[in-house]
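Inspection log for the structure reproduced underneath, given as structure tokens.
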Amino acid sequence: MRIFKKYGTFLCFILLFIILNLGLSFALRPYSGSGSEMWKGFAAKGQLDMVYTGTSFCLCDVDPALVDEVTGLKSYNMGTNMQSIQSSYIALKQAIERGGITRAIVGIDPEIMEMGRQDNFRAEACFVRNLSDTLPVSKKIAADASFVASKDFIGTPSSVLYYFPWTYDRVGNPSLNIREKTQGQILDMTDHRDENGHYGSDEIYGEGRHFIDLTSLVQWNNEVDDLYYINVQKDNLDTLEDMAKLCNKENVELFVIAFPTTQALSVYRLDSYQEYTDLIRNTLSKYGVEYYDYNLAKEEYVDVFNLEIYRDNGHLNNRGTEQFSKALGTMVTKYEKGEDVKEMFYDLPPYEGN
């Protein structure tokens with residue numbers, strides 16, 4: 001009895017704290033958010049031939065159904081908003097272990113290769129938490145522990161906040177969310193993925209602020225003095241190399257790509273962009289992996305400099321997605337036939353800086 005009196009208040013506090021956390025998570029965690037839809041959709045697909053990983057570029061730009069029409073494969077889109085290269089590695093590993101894939105397309109861009117994982121806790125925590133929700137208990141505990149004990153988050157408030165998902169994985173309309181959960185169905189279909197993991201849009205982008213093409217690229221670099229240098233983080237480059245090693249070990253054909261955007265060639269200095277491209281290619285070449293930059297795709301594959309194929313200043317709309325997805329299918333098919341994939345792309349114009 002004395003032991004209960006001594007610890008009873010503390011235990012009651014802990015119990016109330018857990019109940020409050022569960023209640024807030026029920027009210028604020030999405031019934032069917034993009035990240036949870038990705039992992040649940042992946043689990044429902046079963047055996048796969050190929051997956052795509054990357055940021056929202058991947059999520060918006062790749063329609064697996066259109067790629068599959070060209071390749072005859074079964075594929076799935078594992079892209080998520082602001083997906084770090086570390087999360088892409090986790091997705092790739094899951095796709096190999098649970099999906100049995102034999103091919104993978106990994107999308108990267110300078111922003112992601114510059115970004116520290118610890119700087120993007122919300123996206124990282126959502127990614128792992130939504131994965132954890134699809135795993136059996138033993139693997140769920142391991143996935144949670146690997147996140148909170150990672151060198152990027154251990155010893156920081158982030159490692160504790162991970163266990164309070166309503167702080168980072170939350171909706172703006174709790175009332176709708178509660179109704180969806182109590183009724184067990186999506187009541188507003190806005191911003192949801194399809195069964196293949198793709199998030200499409202018919203929107204058409206207007207004017208591009210710094211939109212140029214290859215013919216004006218050198219002139220642009222000579223005239224504009226506030227373009228960015230690319231500073232790749234070593235951890236990110238190491239993780240990209242780990243992905244290549246993993247695919248080699250598991251006999252998975254890996255394609256590393258850059259997604260087409262309206263501004264990739266206009267916000268970075270051309271000499272820095274070339275150095276970045278060389279760095280990525282040299283890193284991957286040790287493992288027999290090629291890097292394909294779709295910002296340099298020829299017009300017959302993707303009409304990169306046509307604003308009408310974009311929904312905003314970076315992501316493709318459905319018209320652009322159709323072009324790009326079919327181009328990805330062509331790339332994979334050409335590669336497997338031993339044909340020249342590089343003929344699909346232009347080279348960057350030579351530039352030594354000014």
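Every chain in the structure tokens has a letter given in the order shown (A, B, ...), and although residue numbers restart at 1 in each chain, ligands are simply numbered from 1 in the order shown.
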Practice problem: Considering only C-alpha atoms, return as an MDAnalysis selection string whatever protein or nucleic-acid residues lie within 7 Å of segment 190-203 of chain A, sequence-local ones (same chain, fewer than 3 positions apart) excluded. | Solution: chainID A and resid 34 37:38 41 59:60 62:64 76:78 311 317:318
Self-check item: Nearest to Thr167 of chain A by atom-to-atom distance, counting only C-alpha atoms, from A:Tyr89, A:Tyr205, A:Phe26, A:Tyr228
Solution: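 Checking each candidate against Thr167 of chain A, we get A:Phe26 as the closest.
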Check which residues of segment 180-249 of chain A sit at most 9 Å from segment 276-296 of chain A using only C-alpha atoms, and return one row each with the closest pair of atoms and their distance in Å to one decimal, ordered by chain and rising number, as a tab-separated table.
residue	atom	partner	partner_atom	distance
A:Leu214	CA	A:Leu296	CA	8.2
A:Ile230	CA	A:Tyr276	CA	6.8
A:Asn231	CA	A:Tyr276	CA	8.3
A:Val232	CA	A:Tyr276	CA	7.8
A:Leu237	CA	A:Thr283	CA	7.9
A:Leu240	CA	A:Leu284	CA	8.1
A:Glu241	CA	A:Leu284	CA	6.7
A:Ala244	CA	A:Tyr287	CA	6.3
A:Lys245	CA	A:Tyr287	CA	7.0
A:Asn248	CA	A:Tyr287	CA	7.2
Quiz prompt | Long-range neighbours of Asp188 of chain A as number ranges by chain, 10 Å cut-off, only C-alpha atoms, 5 positions minimum in chain | solution = A: 176-177, 180
Let me see the file: selected residues, all heavy atoms, as an mmCIF file, in the first residue's frame.
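As written to disk, again.cif reads:
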data_model
loop_
_atom_site.group_PDB
_atom_site.id
_atom_site.type_symbol
_atom_site.label_atom_id
_atom_site.label_comp_id
_atom_site.auth_asym_id
_atom_site.auth_seq_id
_atom_site.Cartn_x
_atom_site.Cartn_y
_atom_site.Cartn_z
ATOM 1 N N LEU A 176 -12.671 17.375 -39.888
ATOM 2 C CA LEU A 176 -12.776 16.459 -41.018
ATOM 3 C C LEU A 176 -11.999 15.176 -40.730
ATOM 4 O O LEU A 176 -12.464 14.070 -41.021
ATOM 5 C CB LEU A 176 -12.241 17.120 -42.287
ATOM 6 C CG LEU A 176 -12.134 16.227 -43.530
ATOM 7 C CD1 LEU A 176 -13.513 15.741 -43.966
ATOM 8 C CD2 LEU A 176 -11.436 16.964 -44.672
ATOM 9 N N ASN A 177 -10.836 15.322 -40.147
ATOM 10 C CA ASN A 177 -9.998 14.167 -39.850
ATOM 11 C C ASN A 177 -10.694 13.201 -38.891
ATOM 12 O O ASN A 177 -10.673 11.978 -39.098
ATOM 13 C CB ASN A 177 -8.675 14.647 -39.247
ATOM 14 C CG ASN A 177 -7.657 13.538 -39.093
ATOM 15 O OD1 ASN A 177 -7.461 12.736 -40.003
ATOM 16 N ND2 ASN A 177 -7.014 13.479 -37.946
ATOM 17 N N GLU A 180 -13.430 11.392 -40.721
ATOM 18 C CA GLU A 180 -12.895 10.347 -41.589
ATOM 19 C C GLU A 180 -12.496 9.120 -40.783
ATOM 20 O O GLU A 180 -12.734 7.978 -41.204
ATOM 21 C CB GLU A 180 -11.701 10.883 -42.382
ATOM 22 C CG GLU A 180 -12.081 11.875 -43.470
ATOM 23 C CD GLU A 180 -10.904 12.298 -44.323
ATOM 24 O OE1 GLU A 180 -9.759 12.278 -43.816
ATOM 25 O OE2 GLU A 180 -11.131 12.651 -45.511
#
Quiz item: For Ala65 of chain A, which of A:Gly329, A:Gly8, A:Pro157, A:Pro30 is the closest residue, counting only C-alpha atoms?
Solution: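 Closest to Ala65 of chain A, using only C-alpha atoms: A:Gly329.
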Practice problem: List every residue of segment 86-179 of chain A that DSSP, applied to the backbone of this structure, assigns to strand (DSSP E), and report them as an MDAnalysis selection string. | Solution: chainID A and resid 103:107
Quiz item: Counting only C-alpha atoms, what is within 12 Å of Tyr31 of chain A, bar same-chain residues fewer than 4 positions away, as number ranges by chain?
Solution: A: 25-27, 35-37, 130, 166, 169-171, 173-189, 192
Restricting the output to N, CA and C atoms, write the selected residues as a PDB file, in the first residue's frame.
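Dumped everything to out.pdb:
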ATOM      1  N   SER A  25      -3.149  12.490 -31.015  1.00  0.00           N
ATOM      2  CA  SER A  25      -2.745  11.785 -32.239  1.00  0.00           C
ATOM      3  C   SER A  25      -3.970  11.383 -33.053  1.00  0.00           C
ATOM      4  N   PHE A  26      -5.027  10.944 -32.364  1.00  0.00           N
ATOM      5  CA  PHE A  26      -6.260  10.567 -33.064  1.00  0.00           C
ATOM      6  C   PHE A  26      -6.868  11.782 -33.762  1.00  0.00           C
ATOM      7  N   ALA A  27      -6.854  12.919 -33.082  1.00  0.00           N
ATOM      8  CA  ALA A  27      -7.494  14.115 -33.640  1.00  0.00           C
ATOM      9  C   ALA A  27      -6.663  14.773 -34.733  1.00  0.00           C
ATOM     10  N   GLY A  35       2.159  10.330 -46.835  1.00  0.00           N
ATOM     11  CA  GLY A  35       3.176   9.374 -46.425  1.00  0.00           C
ATOM     12  C   GLY A  35       2.596   8.022 -46.053  1.00  0.00           C
ATOM     13  N   SER A  36       1.503   8.042 -45.283  1.00  0.00           N
ATOM     14  CA  SER A  36       0.885   6.773 -44.898  1.00  0.00           C
ATOM     15  C   SER A  36       0.303   6.066 -46.113  1.00  0.00           C
ATOM     16  N   GLU A  37      -0.250   6.841 -47.064  1.00  0.00           N
ATOM     17  CA  GLU A  37      -0.768   6.230 -48.296  1.00  0.00           C
ATOM     18  C   GLU A  37       0.343   5.559 -49.084  1.00  0.00           C
ATOM     19  N   ASN A 130       5.393   6.559 -40.541  1.00  0.00           N
ATOM     20  CA  ASN A 130       4.415   5.937 -41.431  1.00  0.00           C
ATOM     21  C   ASN A 130       4.882   4.568 -41.909  1.00  0.00           C
ATOM     22  N   TRP A 166       1.599  13.695 -33.296  1.00  0.00           N
ATOM     23  CA  TRP A 166       0.731  14.847 -33.588  1.00  0.00           C
ATOM     24  C   TRP A 166       1.504  16.157 -33.621  1.00  0.00           C
ATOM     25  N   ASP A 169       3.164  15.281 -37.536  1.00  0.00           N
ATOM     26  CA  ASP A 169       2.322  14.686 -38.573  1.00  0.00           C
ATOM     27  C   ASP A 169       0.882  15.056 -38.257  1.00  0.00           C
ATOM     28  N   ARG A 170       0.443  16.210 -38.767  1.00  0.00           N
ATOM     29  CA  ARG A 170      -0.853  16.726 -38.349  1.00  0.00           C
ATOM     30  C   ARG A 170      -1.596  17.360 -39.525  1.00  0.00           C
ATOM     31  N   VAL A 171      -2.892  17.479 -39.354  1.00  0.00           N
ATOM     32  CA  VAL A 171      -3.764  18.054 -40.380  1.00  0.00           C
ATOM     33  C   VAL A 171      -4.200  19.447 -39.968  1.00  0.00           C
ATOM     34  N   ASN A 173      -7.361  20.428 -40.588  1.00  0.00           N
ATOM     35  CA  ASN A 173      -8.804  20.360 -40.357  1.00  0.00           C
ATOM     36  C   ASN A 173      -9.112  19.154 -39.460  1.00  0.00           C
ATOM     37  N   PRO A 174      -8.929  19.297 -38.139  1.00  0.00           N
ATOM     38  CA  PRO A 174      -9.157  18.162 -37.231  1.00  0.00           C
ATOM     39  C   PRO A 174     -10.572  17.608 -37.294  1.00  0.00           C
ATOM     40  N   SER A 175     -11.559  18.491 -37.500  1.00  0.00           N
ATOM     41  CA  SER A 175     -12.956  18.042 -37.548  1.00  0.00           C
ATOM     42  C   SER A 175     -13.166  17.034 -38.678  1.00  0.00           C
ATOM     43  N   LEU A 176     -12.671  17.375 -39.888  1.00  0.00           N
ATOM     44  CA  LEU A 176     -12.776  16.459 -41.018  1.00  0.00           C
ATOM     45  C   LEU A 176     -11.999  15.176 -40.730  1.00  0.00           C
ATOM     46  N   ASN A 177     -10.836  15.322 -40.147  1.00  0.00           N
ATOM     47  CA  ASN A 177      -9.998  14.167 -39.850  1.00  0.00           C
ATOM     48  C   ASN A 177     -10.694  13.201 -38.891  1.00  0.00           C
ATOM     49  N   ILE A 178     -11.311  13.734 -37.852  1.00  0.00           N
ATOM     50  CA  ILE A 178     -12.019  12.889 -36.883  1.00  0.00           C
ATOM     51  C   ILE A 178     -13.186  12.188 -37.554  1.00  0.00           C
ATOM     52  N   ARG A 179     -13.921  12.910 -38.407  1.00  0.00           N
ATOM     53  CA  ARG A 179     -15.047  12.289 -39.110  1.00  0.00           C
ATOM     54  C   ARG A 179     -14.570  11.169 -40.030  1.00  0.00           C
ATOM     55  N   GLU A 180     -13.430  11.392 -40.721  1.00  0.00           N
ATOM     56  CA  GLU A 180     -12.895  10.347 -41.589  1.00  0.00           C
ATOM     57  C   GLU A 180     -12.496   9.120 -40.783  1.00  0.00           C
ATOM     58  N   LYS A 181     -11.900   9.341 -39.621  1.00  0.00           N
ATOM     59  CA  LYS A 181     -11.470   8.205 -38.801  1.00  0.00           C
ATOM     60  C   LYS A 181     -12.651   7.457 -38.209  1.00  0.00           C
ATOM     61  N   THR A 182     -13.650   8.167 -37.748  1.00  0.00           N
ATOM     62  CA  THR A 182     -14.809   7.498 -37.155  1.00  0.00           C
ATOM     63  C   THR A 182     -15.639   6.775 -38.213  1.00  0.00           C
ATOM     64  N   GLN A 183     -15.641   7.318 -39.458  1.00  0.00           N
ATOM     65  CA  GLN A 183     -16.399   6.667 -40.531  1.00  0.00           C
ATOM     66  C   GLN A 183     -15.554   5.668 -41.325  1.00  0.00           C
ATOM     67  N   GLY A 184     -14.225   5.728 -41.131  1.00  0.00           N
ATOM     68  CA  GLY A 184     -13.342   4.768 -41.794  1.00  0.00           C
ATOM     69  C   GLY A 184     -13.252   4.959 -43.290  1.00  0.00           C
ATOM     70  N   GLN A 185     -13.342   6.211 -43.771  1.00  0.00           N
ATOM     71  CA  GLN A 185     -13.240   6.462 -45.203  1.00  0.00           C
ATOM     72  C   GLN A 185     -12.789   7.891 -45.473  1.00  0.00           C
ATOM     73  N   ILE A 186     -12.177   8.116 -46.649  1.00  0.00           N
ATOM     74  CA  ILE A 186     -11.753   9.449 -47.059  1.00  0.00           C
ATOM     75  C   ILE A 186     -12.979  10.233 -47.518  1.00  0.00           C
ATOM     76  N   LEU A 187     -13.193  11.401 -46.949  1.00  0.00           N
ATOM     77  CA  LEU A 187     -14.355  12.227 -47.283  1.00  0.00           C
ATOM     78  C   LEU A 187     -14.004  13.367 -48.229  1.00  0.00           C
ATOM     79  N   ASP A 188     -12.720  13.679 -48.337  1.00  0.00           N
ATOM     80  CA  ASP A 188     -12.258  14.726 -49.256  1.00  0.00           C
ATOM     81  C   ASP A 188     -11.071  14.152 -50.035  1.00  0.00           C
ATOM     82  N   MET A 189     -11.248  13.933 -51.339  1.00  0.00           N
ATOM     83  CA  MET A 189     -10.232  13.246 -52.145  1.00  0.00           C
ATOM     84  C   MET A 189      -9.101  14.172 -52.608  1.00  0.00           C
ATOM     85  N   HIS A 192      -4.686  13.378 -52.723  1.00  0.00           N
ATOM     86  CA  HIS A 192      -4.414  11.973 -52.409  1.00  0.00           C
ATOM     87  C   HIS A 192      -3.724  11.281 -53.583  1.00  0.00           C
TER      88      HIS A 192
END
Self-check item: Among the residues A:Thr71, A:Asn120, A:Thr53, A:Ser266, the one that comes closest to Phe305 of chain A [using only C-alpha atoms]
Solution: A:Ser266
Quiz item: Hey, what's within 12 Å of Leu135 of chain A if we count only C-alpha atoms and toss same-chain stuff fewer than 3 positions away? As number ranges by chain, please?
Solution: A: 39-40, 42-43, 94, 98, 128-132, 138-144
Quiz item: Looking at A:Phe153, A:Tyr301, A:Tyr346, A:Tyr351, which one is nearest to Ser325 of chain A, with distances taken over only C-alpha atoms?
Solution: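 Closest to Ser325 of chain A, using only C-alpha atoms: A:Tyr301.
Proximity to Glu322 of chain A was assessed for A:Ala44, A:Leu307, A:Leu22, A:Val70 counting only C-alpha atoms; the smallest distance is recorded for A:Val70.
Between Gln233 of chain A and the residues A:Ile309, A:Ile112, A:Val267, A:Ile14, the shortest atom-to-atom distance, using only C-alpha atoms, involves A:Ile112.
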Quiz item: Mind checking DSSP for segment 118-252 of chain A and telling me the helix (DSSP H, G or I) residues as a ChimeraX atom specification?
Solution: /A:118-132,137-148,157-161,165-167,174-183,214-223,234-249
Self-check item: Close residues, Thr102 of chain A itself excluded, 10 Å, only C-alpha atoms, min 3 positions apart in chain, as a count of residues only
Solution: 13
